[in-house]
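Following: one structure in structure tokens, then a few remarks.
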Amino acid sequence: MGEQIPLHTVTPDRSRFTDSGKIQTRSFTGYFRRLRIIGCSVLFLLFFGTVWLSWGGRQAVLWDLSTRQFHIFGSTFWPEDLVLLSAILIICAFGLFFVTVLAGRVWCGYACPQSVWTWVFLWVEKVTEGDRHQRLRLDNAPMTRHKFLRRARKHALWLLISLATGITFVGYFTPIRELAQDMATLQVGGMALFWVFFFTLATYLNAGWLREKVCLHMCPYGRFQSSMLDEDSLLITYDVARGEPRGARKKEADYRSQGLGDCIDCQMCVQVCPTGIDIRDGLQMECIGCAACIDACDSIMDRMGYDRGLIRYTSERALKGGRPRILRPKLLGYAALLLVMIGAFGWGLVSRPLLTLDVSKDRGLYRYTAGGDVENSYVLTVRNKERSPRTYHLQVAGLEGAQLNRSVSGQVPGGKAVDIPVAISMDARDLKQPSNPVEFRLVFDHGVTVSESSQFTAAVR
Ligand code: SF4
Ligand code: SF4
């Protein structure tokens with residue numbers, strides 16, 4: 001097992017920011033920023049677009065709370081399929097562990113909704129209030145009409161994005177088309193309205209106000225990530241040996257003869273950091289792996305005519321001059337667990353019964369018919385998890401002399417459950433014991449038979 005990398009917590013020096021301690025980041029273009037933009041765009045498209053997709057005549061992805069069914073691209077999961085849904089969560093967790101061991105916090109930097117929405121809100125802030133210098137000036141200026149208007153524009157756009165996020169999120173739990181129509185005509189129900197406003201407010205506060213504080217103080221993942229990283233994990237690291245001693249110099253200066261390293265101490269890597277840390281202080285819990293400091297430093301290196309990569313993705317082992325290992329026990333362990341879980345999920349998915357039958361016996365134990373037979377009543381619940389309707393015919397077996405009081409057949413629509421009340425009767429003299437096993441068999445039109453056992457009770461004379 002590779003040696004774990006110690007992470008430490010550094011309290012950001014708030015004096016670098018505004019009087020209020022708010023972090024105002026500088027933006028830099030670069031390779032990793034473009035990657036982040038692609039990540040944000042894909043996530044935004046998936047989140048806002050998927051909810052509007054239709055599949056087989058209904059919303060493609062919908063966790064229908066009223067029927068307690070989860071529809072996903074033509075497959076329907078019922079409450080008894082909870083184990084399969086749990087498997088999806090476990091697969092996601094192992095996937096995250098695998099990626100973290102391999103490449104550090106790429107999830108946090110590129111795909112976590114908290115980061116993605118924060119990047120979008122930061123972009124809105126830049127568009128409405130200007131670059132970092134203009135924003136710092138605005139922050140420290142007294143309230144004027146100009147400041148008020150800029151602030152108002154920013155908050156209005158933030159609220160608009162938050163409202164769209166809230167409606168979309170609730171749209172995954174209640175049909176989005178109806179919800180959007182109800183919102184537009186102000187006829188939305190109280191519960192839906194509550195959750196739309198809840199998620200609107202949560203988005204606005206998290207991405208607009210709390211930002212890095214969510215990563216630093218509320219997200220548990222940042223806390224236990226150090227247990228997953230090892231000497232070979234790919235991390236964003238400042239090359240101390242190359243950069244130190246840091247110091248300002250003229251571009252054309254022979255800085256080596258002055259005893260300086262490649263770091264010109266320009267602070268750009270600090271000014272772009274959304275969590276306000278200095279990567280040169282070493283690996284820190286607060287680093288979300290966004291790579292903004294790599295873009296900033298690379299662009300400074302270009303301007304100075306130095307090689308890129310003073311801050312770069314590398315591993316502890318590579319920094320010490322060792323040969324990086326990709327295949328290592330911890331990574332292979334997570335990969336194996338991931339494959340096992342994916343396999344188990346796939347097997348569970350294809351082998352789960354698509355037609356199920358539950359039998360609940362009527363609370364009254366038994367009664368006598370006018371003809372003197374003893375009769376028991378039941379409610380059969382038939383679930384059809386297929387998309388097409390299925391026609392059935394009911395039979396009873398396993399108890400000689402028992403017969404249905406009427407012929408029972410019918411149809412269960414695709415993705416629905418139906419309750420069928422039935423009664424069985426028989427001559428009590430044929431019974432040898434008070435409680436007798438009986439089997440209900442549903443024979444479907446496509447030849448599939450589903451059966452479930454219950455008990456037939458009577459007083460034995
Ligand atoms: S130190 Fe670099 S990678 Fe880490 S959060 Fe700050 S800017 Fe992003
Ligand atoms: S951006 Fe690069 S050169 Fe500037 S302070 Fe950071 S590490 Fe040093």
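Convention: chains lettered A, B, ... in structure tokens order; per-chain residue numbering from 1; ligands numbered from 1 as shown.
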Discussion item. At a cut-off of 9 Å around ligand 2, and using only C-alpha atoms and all ligand atoms, what residues come up? Please write them as a PyMOL selection string.
Written reply: chain A and resi 238-239+243-244+246-247+262-271+278-280+293-301+309-311
Selected residues written out, N, CA, C and O atoms, as a tab-separated table (two decimals), in the first residue's frame:
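Result written to part_28.tsv:
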chain	number	residue	atom	x	y	z
A	238	TYR	N	3.05	22.73	-6.13
A	238	TYR	CA	4.06	23.76	-6.43
A	238	TYR	C	5.44	23.09	-6.30
A	238	TYR	O	5.70	22.41	-5.30
A	239	ASP	N	6.29	23.27	-7.31
A	239	ASP	CA	7.61	22.65	-7.30
A	239	ASP	C	8.56	23.52	-6.47
A	239	ASP	O	9.14	24.49	-6.97
A	243	GLY	N	11.08	26.50	-7.57
A	243	GLY	CA	10.55	27.85	-7.36
A	243	GLY	C	11.27	28.65	-6.30
A	243	GLY	O	11.31	29.89	-6.36
A	244	GLU	N	11.86	27.99	-5.30
A	244	GLU	CA	12.44	28.72	-4.17
A	244	GLU	C	13.94	28.92	-4.36
A	244	GLU	O	14.59	28.09	-5.01
A	246	ARG	N	11.88	32.30	-3.64
A	246	ARG	CA	11.06	33.16	-4.50
A	246	ARG	C	11.51	34.60	-4.39
A	246	ARG	O	12.14	34.98	-3.41
A	247	GLY	N	11.15	35.41	-5.35
A	247	GLY	CA	11.49	36.82	-5.24
A	247	GLY	C	11.26	37.56	-6.54
A	247	GLY	O	11.27	36.97	-7.62
A	262	ASP	N	12.53	30.01	-9.64
A	262	ASP	CA	11.67	30.47	-10.74
A	262	ASP	C	10.44	31.26	-10.28
A	262	ASP	O	9.78	31.90	-11.10
A	263	CYS	N	10.08	31.19	-9.02
A	263	CYS	CA	8.87	31.90	-8.56
A	263	CYS	C	9.18	33.39	-8.40
A	263	CYS	O	10.05	33.76	-7.61
A	264	ILE	N	8.44	34.21	-9.13
A	264	ILE	CA	8.70	35.66	-9.06
A	264	ILE	C	7.86	36.34	-7.97
A	264	ILE	O	7.83	37.54	-7.85
A	265	ASP	N	7.15	35.51	-7.21
A	265	ASP	CA	6.34	35.99	-6.08
A	265	ASP	C	5.31	37.03	-6.50
A	265	ASP	O	5.07	38.01	-5.81
A	266	CYS	N	4.68	36.77	-7.67
A	266	CYS	CA	3.70	37.73	-8.21
A	266	CYS	C	2.33	37.60	-7.56
A	266	CYS	O	1.47	38.44	-7.74
A	267	GLN	N	2.12	36.52	-6.82
A	267	GLN	CA	0.85	36.28	-6.10
A	267	GLN	C	-0.32	35.92	-7.00
A	267	GLN	O	-1.46	35.84	-6.52
A	268	MET	N	-0.06	35.75	-8.30
A	268	MET	CA	-1.19	35.45	-9.19
A	268	MET	C	-1.86	34.13	-8.80
A	268	MET	O	-3.08	34.01	-8.87
A	269	CYS	N	-1.07	33.14	-8.43
A	269	CYS	CA	-1.65	31.84	-8.06
A	269	CYS	C	-2.57	31.99	-6.85
A	269	CYS	O	-3.53	31.22	-6.70
A	270	VAL	N	-2.29	32.97	-6.01
A	270	VAL	CA	-3.13	33.19	-4.83
A	270	VAL	C	-4.40	33.95	-5.22
A	270	VAL	O	-5.50	33.64	-4.78
A	271	GLN	N	-4.20	34.93	-6.11
A	271	GLN	CA	-5.35	35.77	-6.48
A	271	GLN	C	-6.41	35.03	-7.30
A	271	GLN	O	-7.56	35.43	-7.33
A	278	ASP	N	-2.66	29.66	-0.59
A	278	ASP	CA	-1.41	29.79	-1.35
A	278	ASP	C	-0.86	28.39	-1.55
A	278	ASP	O	-0.42	27.75	-0.59
A	279	ILE	N	-0.92	27.91	-2.79
A	279	ILE	CA	-0.51	26.54	-3.08
A	279	ILE	C	0.97	26.34	-2.73
A	279	ILE	O	1.42	25.21	-2.51
A	280	ARG	N	1.70	27.42	-2.63
A	280	ARG	CA	3.13	27.30	-2.30
A	280	ARG	C	3.36	26.89	-0.85
A	280	ARG	O	4.47	26.55	-0.47
A	293	CYS	N	-4.67	27.89	-10.46
A	293	CYS	CA	-3.31	28.37	-10.17
A	293	CYS	C	-2.32	27.88	-11.24
A	293	CYS	O	-1.32	28.55	-11.50
A	294	ILE	N	-2.60	26.73	-11.85
A	294	ILE	CA	-1.71	26.24	-12.92
A	294	ILE	C	-1.80	27.19	-14.11
A	294	ILE	O	-0.78	27.64	-14.65
A	295	ASP	N	-3.03	27.52	-14.50
A	295	ASP	CA	-3.22	28.44	-15.63
A	295	ASP	C	-2.53	29.78	-15.36
A	295	ASP	O	-1.84	30.32	-16.23
A	296	ALA	N	-2.72	30.29	-14.12
A	296	ALA	CA	-2.15	31.60	-13.80
A	296	ALA	C	-0.63	31.54	-13.86
A	296	ALA	O	0.01	32.39	-14.49
A	297	CYS	N	-0.07	30.53	-13.21
A	297	CYS	CA	1.39	30.46	-13.14
A	297	CYS	C	2.00	30.18	-14.52
A	297	CYS	O	3.03	30.76	-14.87
A	298	ASP	N	1.34	29.32	-15.30
A	298	ASP	CA	1.86	29.04	-16.65
A	298	ASP	C	1.92	30.32	-17.47
A	298	ASP	O	2.87	30.56	-18.23
A	299	SER	N	0.87	31.16	-17.31
A	299	SER	CA	0.86	32.37	-18.12
A	299	SER	C	1.97	33.33	-17.64
A	299	SER	O	2.58	34.03	-18.46
A	300	ILE	N	2.26	33.34	-16.35
A	300	ILE	CA	3.39	34.16	-15.84
A	300	ILE	C	4.72	33.60	-16.37
A	300	ILE	O	5.61	34.34	-16.80
A	301	MET	N	4.85	32.27	-16.34
A	301	MET	CA	6.08	31.64	-16.84
A	301	MET	C	6.30	32.00	-18.31
A	301	MET	O	7.42	32.28	-18.73
A	309	GLY	N	4.96	24.91	-15.81
A	309	GLY	CA	4.89	23.75	-14.91
A	309	GLY	C	5.49	23.97	-13.54
A	309	GLY	O	5.73	23.01	-12.81
A	310	LEU	N	5.71	25.25	-13.16
A	310	LEU	CA	6.17	25.48	-11.78
A	310	LEU	C	5.09	24.99	-10.80
A	310	LEU	O	5.37	24.40	-9.77
A	311	ILE	N	3.83	25.24	-11.18
A	311	ILE	CA	2.71	24.59	-10.49
A	311	ILE	C	2.12	23.63	-11.52
A	311	ILE	O	1.86	24.04	-12.65
Practice prompt. List all protein, DNA and RNA residues that have at least one atom no more than 8 Å from any atom of ligand 1, counting only C-alpha atoms and all ligand atoms, and write them as a list in words.
Written response: Gly109, Ile236, Cys269, Val270, Val272, Cys273, Pro274, Thr275, Gly276, Ile277, Asp278, Ile279, Gln284, Glu286, Cys287, Ile288, Gly289, Cys290, Ala291, Ala292, Cys293 and Ile294 of chain A
For the selection you just gave me, I'd like the residues written to a file as an mmCIF file, in the first residue's frame, keeping C-alpha atoms.
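New file result.cif:
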data_model
loop_
_atom_site.group_PDB
_atom_site.id
_atom_site.type_symbol
_atom_site.label_atom_id
_atom_site.label_comp_id
_atom_site.auth_asym_id
_atom_site.auth_seq_id
_atom_site.Cartn_x
_atom_site.Cartn_y
_atom_site.Cartn_z
ATOM 1 C CA GLY A 109 -12.566 21.143 -9.324
ATOM 2 C CA ILE A 236 -1.714 20.030 -8.082
ATOM 3 C CA CYS A 269 -1.648 31.840 -8.063
ATOM 4 C CA VAL A 270 -3.131 33.191 -4.825
ATOM 5 C CA VAL A 272 -7.019 33.213 -8.752
ATOM 6 C CA CYS A 273 -7.613 30.679 -5.984
ATOM 7 C CA PRO A 274 -11.344 30.336 -5.193
ATOM 8 C CA THR A 275 -10.562 29.113 -1.667
ATOM 9 C CA GLY A 276 -8.020 31.841 -1.000
ATOM 10 C CA ILE A 277 -5.018 29.644 -0.241
ATOM 11 C CA ASP A 278 -1.406 29.793 -1.347
ATOM 12 C CA ILE A 279 -0.505 26.539 -3.082
ATOM 13 C CA GLN A 284 -3.770 21.671 1.757
ATOM 14 C CA GLU A 286 -8.635 23.653 1.285
ATOM 15 C CA CYS A 287 -7.383 22.965 -2.251
ATOM 16 C CA ILE A 288 -10.318 21.830 -4.387
ATOM 17 C CA GLY A 289 -8.078 20.923 -7.328
ATOM 18 C CA CYS A 290 -9.515 23.453 -9.760
ATOM 19 C CA ALA A 291 -6.117 24.061 -11.445
ATOM 20 C CA ALA A 292 -6.758 27.825 -11.729
ATOM 21 C CA CYS A 293 -3.312 28.370 -10.174
ATOM 22 C CA ILE A 294 -1.705 26.243 -12.915
#
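One distance worth recording is that between CA of Gln69 (chain A) and CA of Arg387 (chain A), which is 13.2 Å.
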Worksheet item: Which polymer residues have any atom within 12 Å of an atom of Gly348 (chain A), counting only C-alpha atoms, with same-chain residues fewer than 5 positions away left out, as a PyMOL selection string?
Response: chain A and resi 77+81-88+340-343+353-354
Saved selection, atoms kept: N, CA and C atoms, as a PDB file, in the first residue's frame:
ATOM      1  N   PHE A  77     -38.287   1.805 -11.598  1.00  0.00           N
ATOM      2  CA  PHE A  77     -37.872   1.190 -10.336  1.00  0.00           C
ATOM      3  C   PHE A  77     -38.946   1.451  -9.294  1.00  0.00           C
ATOM      4  N   ASP A  81     -37.255  -2.117  -5.386  1.00  0.00           N
ATOM      5  CA  ASP A  81     -35.984  -2.124  -6.114  1.00  0.00           C
ATOM      6  C   ASP A  81     -34.953  -1.214  -5.451  1.00  0.00           C
ATOM      7  N   LEU A  82     -35.241  -0.835  -4.200  1.00  0.00           N
ATOM      8  CA  LEU A  82     -34.365   0.106  -3.498  1.00  0.00           C
ATOM      9  C   LEU A  82     -32.914  -0.379  -3.481  1.00  0.00           C
ATOM     10  N   VAL A  83     -32.753  -1.687  -3.399  1.00  0.00           N
ATOM     11  CA  VAL A  83     -31.391  -2.230  -3.336  1.00  0.00           C
ATOM     12  C   VAL A  83     -30.617  -1.888  -4.622  1.00  0.00           C
ATOM     13  N   LEU A  84     -31.326  -1.863  -5.750  1.00  0.00           N
ATOM     14  CA  LEU A  84     -30.654  -1.512  -7.013  1.00  0.00           C
ATOM     15  C   LEU A  84     -30.274  -0.033  -7.025  1.00  0.00           C
ATOM     16  N   LEU A  85     -31.177   0.795  -6.495  1.00  0.00           N
ATOM     17  CA  LEU A  85     -30.874   2.226  -6.442  1.00  0.00           C
ATOM     18  C   LEU A  85     -29.721   2.484  -5.476  1.00  0.00           C
ATOM     19  N   SER A  86     -29.690   1.719  -4.381  1.00  0.00           N
ATOM     20  CA  SER A  86     -28.558   1.864  -3.443  1.00  0.00           C
ATOM     21  C   SER A  86     -27.271   1.466  -4.138  1.00  0.00           C
ATOM     22  N   ALA A  87     -27.353   0.436  -4.998  1.00  0.00           N
ATOM     23  CA  ALA A  87     -26.153  -0.011  -5.717  1.00  0.00           C
ATOM     24  C   ALA A  87     -25.614   1.108  -6.598  1.00  0.00           C
ATOM     25  N   ILE A  88     -26.516   1.903  -7.198  1.00  0.00           N
ATOM     26  CA  ILE A  88     -26.059   3.023  -8.045  1.00  0.00           C
ATOM     27  C   ILE A  88     -25.253   4.014  -7.186  1.00  0.00           C
ATOM     28  N   VAL A 340     -16.948  -5.048  -9.542  1.00  0.00           N
ATOM     29  CA  VAL A 340     -17.861  -6.009  -8.889  1.00  0.00           C
ATOM     30  C   VAL A 340     -19.237  -5.372  -8.706  1.00  0.00           C
ATOM     31  N   MET A 341     -19.244  -4.102  -8.256  1.00  0.00           N
ATOM     32  CA  MET A 341     -20.533  -3.445  -8.017  1.00  0.00           C
ATOM     33  C   MET A 341     -21.292  -3.207  -9.328  1.00  0.00           C
ATOM     34  N   ILE A 342     -20.545  -2.829 -10.384  1.00  0.00           N
ATOM     35  CA  ILE A 342     -21.205  -2.605 -11.679  1.00  0.00           C
ATOM     36  C   ILE A 342     -21.785  -3.928 -12.184  1.00  0.00           C
ATOM     37  N   GLY A 343     -20.989  -5.008 -12.014  1.00  0.00           N
ATOM     38  CA  GLY A 343     -21.458  -6.335 -12.436  1.00  0.00           C
ATOM     39  C   GLY A 343     -22.700  -6.753 -11.663  1.00  0.00           C
ATOM     40  N   PRO A 353     -37.428  -9.430 -11.458  1.00  0.00           N
ATOM     41  CA  PRO A 353     -38.703  -9.771 -12.074  1.00  0.00           C
ATOM     42  C   PRO A 353     -39.458  -8.516 -12.494  1.00  0.00           C
ATOM     43  N   LEU A 354     -39.974  -8.534 -13.711  1.00  0.00           N
ATOM     44  CA  LEU A 354     -40.695  -7.356 -14.204  1.00  0.00           C
ATOM     45  C   LEU A 354     -42.187  -7.444 -13.912  1.00  0.00           C
TER      46      LEU A 354
END
If you count only C-alpha atoms, which residues fall within 10 Å of Phe44 (chain A), apart from same-chain ones fewer than 5 positions away, as an mmCIF file with N, CA and C atoms, in the first residue's frame?
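See result.cif below for the written result:
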data_model
loop_
_atom_site.group_PDB
_atom_site.id
_atom_site.type_symbol
_atom_site.label_atom_id
_atom_site.label_comp_id
_atom_site.auth_asym_id
_atom_site.auth_seq_id
_atom_site.Cartn_x
_atom_site.Cartn_y
_atom_site.Cartn_z
ATOM 1 N N ILE A 38 -15.787 23.384 -20.250
ATOM 2 C CA ILE A 38 -16.441 22.222 -20.882
ATOM 3 C C ILE A 38 -17.199 21.424 -19.819
ATOM 4 N N GLY A 39 -16.533 21.188 -18.666
ATOM 5 C CA GLY A 39 -17.179 20.434 -17.574
ATOM 6 C C GLY A 39 -18.469 21.112 -17.130
ATOM 7 N N GLY A 49 -31.242 19.998 -19.306
ATOM 8 C CA GLY A 49 -31.828 19.396 -20.497
ATOM 9 C C GLY A 49 -32.525 18.066 -20.241
ATOM 10 N N THR A 50 -31.907 17.212 -19.399
ATOM 11 C CA THR A 50 -32.437 15.850 -19.212
ATOM 12 C C THR A 50 -33.883 15.868 -18.742
ATOM 13 N N PRO A 113 -21.377 20.030 -8.340
ATOM 14 C CA PRO A 113 -22.340 21.124 -8.565
ATOM 15 C C PRO A 113 -22.014 22.390 -7.770
ATOM 16 N N VAL A 116 -19.357 24.054 -9.818
ATOM 17 C CA VAL A 116 -19.857 24.469 -11.133
ATOM 18 C C VAL A 116 -20.751 25.704 -10.997
ATOM 19 N N TRP A 117 -21.700 25.649 -10.049
ATOM 20 C CA TRP A 117 -22.610 26.793 -9.890
ATOM 21 C C TRP A 117 -21.832 28.017 -9.381
ATOM 22 N N VAL A 120 -20.160 29.661 -12.268
ATOM 23 C CA VAL A 120 -21.133 30.408 -13.079
ATOM 24 C C VAL A 120 -21.495 31.727 -12.376
ATOM 25 N N THR A 165 -32.743 26.771 -11.443
ATOM 26 C CA THR A 165 -32.193 25.565 -10.812
ATOM 27 C C THR A 165 -33.240 24.912 -9.906
#
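For the set A:Ile23, A:Val61, A:Ser435, A:Phe345, the residue with the smallest atom-to-atom gap to Arg135 (chain A) is A:Ile23, counting only C-alpha atoms.
You will find CA of Leu159 (chain A) at 10.1 Å from CA of Phe121 (chain A).
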Item to complete: Mind listing the strand (DSSP E) residues of region 65-285 of chain A, per DSSP on the backbone, as a PyMOL selection string?
Response: chain A and resi 69-72+75-77+235-238
Save the residues we just selected, C-alpha atoms, as a CSV table (one decimal), in the first residue's frame?
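Listed below is the output, again.csv:
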chain,number,residue,atom,x,y,z
A,69,GLN,CA,-41.7,5.0,-8.8
A,70,PHE,CA,-38.4,6.1,-10.3
A,71,HIS,CA,-38.5,6.2,-14.1
A,72,ILE,CA,-35.2,6.4,-16.0
A,75,SER,CA,-37.0,1.5,-16.9
A,76,THR,CA,-39.2,1.8,-13.9
A,77,PHE,CA,-37.9,1.2,-10.3
A,235,LEU,CA,-2.1,16.3,-7.4
A,236,ILE,CA,-1.7,20.0,-8.1
A,237,THR,CA,1.6,20.9,-6.6
A,238,TYR,CA,4.1,23.8,-6.4
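Closest approach to Tyr172 (chain A) among A:Ala111, A:Ala202, A:Leu62, A:Leu431: A:Leu62, based on only C-alpha atoms.
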Fill in: Leu210 (chain A) environment, 12 Å, only C-alpha atoms, sequence neighbours closer than 3 positions dropped, as a list of chain:residue names
A:Lys22, A:Ile23, A:Gln114, A:Ser115, A:Trp117, A:Thr118, A:Phe121, A:Leu201, A:Ala202, A:Thr203, A:Tyr204, A:Leu205, A:Asn206, A:Ala207, A:Lys213, A:Val214, A:Cys215, A:Leu216, A:His217, A:Met218, A:Pro274, A:Thr275
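Residues with any atom within 12 Å of Gly333 (chain A), counting only C-alpha atoms and excluding same-chain neighbours fewer than 5 positions away, are Met1, Phe94, Gly95, Phe97, Phe98, Val101, Met228, Leu327, Arg328, Leu338, Leu339 and Val340 of chain A.
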Could you dump the residues just selected with N, CA and C atoms as a JSON list (two decimals), in the first residue's frame?
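Below is the file out.json, written as the result:
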[["chain", "number", "residue", "atom", "x", "y", "z"],
["A", 1, "MET", "N", 0.85, -1.20, 0.00],
["A", 1, "MET", "CA", 0.00, 0.00, 0.00],
["A", 1, "MET", "C", 0.89, 1.25, 0.00],
["A", 94, "PHE", "N", -17.68, 4.50, -5.13],
["A", 94, "PHE", "CA", -16.42, 3.84, -5.50],
["A", 94, "PHE", "C", -15.77, 4.52, -6.70],
["A", 95, "GLY", "N", -16.61, 5.01, -7.63],
["A", 95, "GLY", "CA", -16.08, 5.74, -8.79],
["A", 95, "GLY", "C", -15.33, 6.98, -8.31],
["A", 97, "PHE", "N", -13.98, 7.44, -5.30],
["A", 97, "PHE", "CA", -12.75, 7.03, -4.60],
["A", 97, "PHE", "C", -11.66, 6.70, -5.62],
["A", 98, "PHE", "N", -12.06, 5.97, -6.67],
["A", 98, "PHE", "CA", -11.09, 5.56, -7.69],
["A", 98, "PHE", "C", -10.45, 6.78, -8.35],
["A", 101, "VAL", "N", -8.05, 8.63, -5.90],
["A", 101, "VAL", "CA", -6.73, 7.99, -5.74],
["A", 101, "VAL", "C", -5.89, 8.26, -6.98],
["A", 228, "MET", "N", -7.37, 8.80, 1.19],
["A", 228, "MET", "CA", -7.40, 8.13, -0.11],
["A", 228, "MET", "C", -6.16, 8.43, -0.95],
["A", 327, "LEU", "N", -0.38, 1.58, -11.63],
["A", 327, "LEU", "CA", -1.04, 0.42, -11.04],
["A", 327, "LEU", "C", -0.49, 0.18, -9.65],
["A", 328, "ARG", "N", -1.33, 0.38, -8.66],
["A", 328, "ARG", "CA", -0.91, 0.16, -7.28],
["A", 328, "ARG", "C", -2.07, -0.44, -6.50],
["A", 338, "LEU", "N", -15.26, -1.50, -7.85],
["A", 338, "LEU", "CA", -16.13, -0.80, -8.80],
["A", 338, "LEU", "C", -16.69, -1.79, -9.82],
["A", 339, "LEU", "N", -15.81, -2.63, -10.35],
["A", 339, "LEU", "CA", -16.26, -3.59, -11.37],
["A", 339, "LEU", "C", -17.24, -4.59, -10.78],
["A", 340, "VAL", "N", -16.95, -5.05, -9.54],
["A", 340, "VAL", "CA", -17.86, -6.01, -8.89],
["A", 340, "VAL", "C", -19.24, -5.37, -8.71]]
